[in-house]
Structure formats: C-alpha cells, structure tokens
Amino acid sequence: EDQVTQSPEALRLQEGESSSLNCSYTVSGLRGLFWYRQDPGKGPEFLFTLYSAGEEKEKERLKATLTKKESFLHITAPKPEDSATYLCAVQAWGSSNTGKLIFGQGTTLQVKP
Amino acid sequence: GAVVSQHPSWVICKSGTSVKIECRSLDFQATTMFWYRQFPKQSLMLMATSNEGSKATYEQGVEKDKFLINHASLTLSTLTVTSAHPEDSSFYICSASALSAEQYFGPGTRLTVT
C-alpha cells in the first residue's frame, strides 16, 4: 500500500535556526513527490516537485531533496513568516492511478523571532 | 500562473438544504480536478477525482449521491453537498491539474451546517 509519513509532527525553531523536515514514502512506482505549504484556513501552496532520486530544488530559504525512500525539506535561516504546515505528497504510476496525491500528515513549523 | 479559485470562501446553511461550491482554474485548462475535505489539524482527505466531461471517481466511503460533482468544462468543477447535515461541516478544497503532474489548490471553502 502506498504510504507517506512525515516527521516531526511539530517543530519549533528560533529565527535563524536551520533544520530539516522529513518525508518517508513507500510507493509502487513514484511518478512525483510534492511539497506544499499550508497556512491556517487556506489551501495548500505548491512549492516543489521532485521526480527522481538525487534531484534537488531550491526556492529562497527552502531546499528539497529526494532519495529512493525519503525526501527532506531543508529550511535555512528561517524567518517567522516561514511558520506554516508543510505537506508532503506522492503520486504513483499505474493504470488504476488517476493522478491522485497521497498526503502525509504534515509538519507544523513555528519560527519564533 | 496556475491560479485556482473557489467560491464561496465560506458558507453557512441549514440542515437539510443543499449547497454548491465552485472551483475554477483561472489561467490554465484543467483536465483533471480533485475535491478534498480537511478536518481541523488533519491532512487532506481526497473525496473524488473528476475529468472534464466524465463522471467523477469517488474514493471509498464517500457517498456519491450526497456529494455531487460536475466537471462541465476545462476550467470549472462544482461540488454540491445535498441534504447537508452538521457532520458535513468541514473545509472543502479543490485542486486542478493540466497535463503535468502538479496539482494547484484553491483557497478552500469553509462549510458550516447549522
């Protein structure tokens, strides 16, 4: 069964304190791994798509990496405005697959000034 | 680019009535649209997948007669919650994708059934 597990569930950082969020996955055939940011009361905002092991993508203070079993979202020198819930999702290949995403439970990040 | 809108952003309705939520892709043609619901402090739960001009595919446990989905064009999908009850109160979010794998999400609709 395709599954996504994110850790930690919650993370508190001081402003400027770098850290990483983990997304472990098991999937029959990975089509893509996605990172989203969700603020309270809003829909998820697309951040990155990773397709193959070894791939890395960056956007401002965020960097996403991918291996065959997990993905990391590295946050460098975070600011209070980076506080949000970060969601990881995978999309699998397969005739029965409709392109749907399988989400992890998310990591809620709080950055204190 | 890749903007998805939802309307209304919040709605309050009485138990037993129906409510319709619209999802629009504003700057691209969405071959597939997805509907999710999200409970407080929980992740997104996929309800159904719809392709333009086809019947929606519902996830296991989702009542298709209660949650009616229409995907009439490449830029519009609607979710109608029929005979709503308080337990249907939730945050409903749609997403849309074109030929690429990425899904772009709308801002969500908060439904409260009294």
# chains A, B, ... in the order shown; residues from 1 in each chain; ligands from 1

$ residues_around --residues "Glu56 (chain A)" --least-positions-apart "4" --cutoff "9 Å" --atoms "only C-alpha atoms" --output "ChimeraX atom specification"
/A:50,63-66

$ write_last_selection --atoms "all heavy atoms" --output "CSV table (one decimal), in the first residue's frame"
chain,number,residue,atom,x,y,z
A,50,LEU,N,9.6,16.8,-7.2
A,50,LEU,CA,10.8,16.0,-7.4
A,50,LEU,C,10.4,14.7,-8.1
A,50,LEU,O,9.4,14.1,-7.7
A,50,LEU,CB,11.5,15.8,-6.1
A,50,LEU,CG,11.9,17.0,-5.3
A,50,LEU,CD1,12.3,16.6,-3.8
A,50,LEU,CD2,13.1,17.7,-5.9
A,63,LYS,N,15.0,24.2,0.5
A,63,LYS,CA,15.7,23.3,-0.5
A,63,LYS,C,15.1,21.9,-0.2
A,63,LYS,O,15.1,21.4,0.9
A,63,LYS,CB,17.2,23.2,-0.2
A,63,LYS,CG,17.9,22.3,-1.1
A,63,LYS,CD,19.4,22.4,-0.8
A,63,LYS,CE,20.2,21.4,-1.7
A,63,LYS,NZ,21.7,21.5,-1.3
A,64,ALA,N,14.6,21.3,-1.3
A,64,ALA,CA,14.0,19.9,-1.2
A,64,ALA,C,15.0,18.9,-1.9
A,64,ALA,O,15.5,19.2,-3.0
A,64,ALA,CB,12.7,19.9,-1.9
A,65,THR,N,15.1,17.8,-1.3
A,65,THR,CA,16.0,16.7,-1.8
A,65,THR,C,15.2,15.4,-1.8
A,65,THR,O,14.2,15.3,-1.1
A,65,THR,CB,17.3,16.6,-1.0
A,65,THR,OG1,16.9,16.2,0.3
A,65,THR,CG2,18.1,17.9,-1.0
A,66,LEU,N,15.6,14.5,-2.7
A,66,LEU,CA,14.9,13.2,-2.8
A,66,LEU,C,15.9,12.0,-2.9
A,66,LEU,O,16.9,12.1,-3.7
A,66,LEU,CB,14.0,13.3,-4.1
A,66,LEU,CG,13.2,12.0,-4.4
A,66,LEU,CD1,12.1,11.8,-3.3
A,66,LEU,CD2,12.5,12.1,-5.8

$ closest_atom_pairs --of "chain A" --to "chain B" --cutoff "6 Å" --atoms "only C-alpha atoms" --output "Markdown table"
| residue | atom | partner | partner_atom | distance |
| --- | --- | --- | --- | --- |
| A:Lys42 | CA | B:Pro107 | CA | 5.0 |
| A:Gly43 | CA | B:Pro107 | CA | 4.3 |
| A:Pro44 | CA | B:Phe105 | CA | 5.9 |
| A:Gln105 | CA | B:Ser43 | CA | 5.0 |

$ write_last_selection --atoms "C-alpha atoms" --output "PDB file, in the first residue's frame"
ATOM      1  CA  LYS A  42      -6.074  28.387   3.355  1.00  0.00           C
ATOM      2  CA  GLY A  43      -5.459  25.892   0.593  1.00  0.00           C
ATOM      3  CA  PRO A  44      -2.019  24.332   0.089  1.00  0.00           C
ATOM      4  CA  GLN A 105       0.035  14.213   7.948  1.00  0.00           C
TER       5      GLN A 105
END

$ residues_around --residues "Lys64 (chain B)" --least-positions-apart "3" --cutoff "12 Å" --atoms "only C-alpha atoms" --output "MDAnalysis selection string"
chainID B and resid 47:49 55:61 67:70 79:82

$ write_last_selection --atoms "C-alpha atoms" --output "PDB file, in the first residue's frame"
ATOM      1  CA  MET B  47     -13.102  12.730  -1.873  1.00  0.00           C
ATOM      2  CA  ALA B  48     -13.241  12.372  -5.633  1.00  0.00           C
ATOM      3  CA  THR B  49     -11.451  12.886  -8.923  1.00  0.00           C
ATOM      4  CA  LYS B  55     -18.328  11.017 -14.315  1.00  0.00           C
ATOM      5  CA  ALA B  56     -16.348  11.584 -11.163  1.00  0.00           C
ATOM      6  CA  THR B  57     -14.457   8.768  -9.476  1.00  0.00           C
ATOM      7  CA  TYR B  58     -15.230   8.681  -5.770  1.00  0.00           C
ATOM      8  CA  GLU B  59     -12.941   7.406  -3.044  1.00  0.00           C
ATOM      9  CA  GLN B  60     -14.084   4.522  -0.906  1.00  0.00           C
ATOM     10  CA  GLY B  61     -16.536   5.618   1.766  1.00  0.00           C
ATOM     11  CA  PHE B  67     -21.533  14.819  -2.834  1.00  0.00           C
ATOM     12  CA  LEU B  68     -22.417  15.558  -6.448  1.00  0.00           C
ATOM     13  CA  ILE B  69     -19.534  16.554  -8.661  1.00  0.00           C
ATOM     14  CA  ASN B  70     -19.821  18.114 -12.087  1.00  0.00           C
ATOM     15  CA  LEU B  79     -19.286  20.163  -5.710  1.00  0.00           C
ATOM     16  CA  THR B  80     -22.847  20.067  -4.416  1.00  0.00           C
ATOM     17  CA  VAL B  81     -23.429  18.855  -0.888  1.00  0.00           C
ATOM     18  CA  THR B  82     -27.007  17.600  -0.883  1.00  0.00           C
TER      19      THR B  82
END

$ closest_residue --among "A:Ala10, A:Val111, A:Leu47, A:Val4" --to "Thr76 (chain A)" --atoms "only C-alpha atoms"
A:Val111

$ residues_around --residues "region 79-90 of chain A" --least-positions-apart "4" --cutoff "6 Å" --atoms "only C-alpha atoms" --output "list in words"
Glu15, Gly32, Leu33, Phe34, Trp35, Tyr36, Arg37, Gln38, Asp39, Leu101, Ile102, Phe103, Gly104, Gly106, Thr107, Thr108, Leu109, Gln110, Val111 and Lys112 of chain A

$ atom_distance --atom1 "CA of Ser73 (chain B)" --atom2 "CA of Cys23 (chain B)"
11.0 Å

$ select_by_dssp --residues "region 11-59 of chain A" --states "strand (DSSP E or B)" --output "PyMOL selection string"
chain A and resi 11-14+19-26+30-38+45-50+56-59

$ atom_distance --atom1 "CA of Ser54 (chain B)" --atom2 "CA of Glu22 (chain B)"
17.1 Å

$ atom_distance --atom1 "CA of Asn22 (chain A)" --atom2 "CA of Tyr51 (chain A)"
16.6 Å
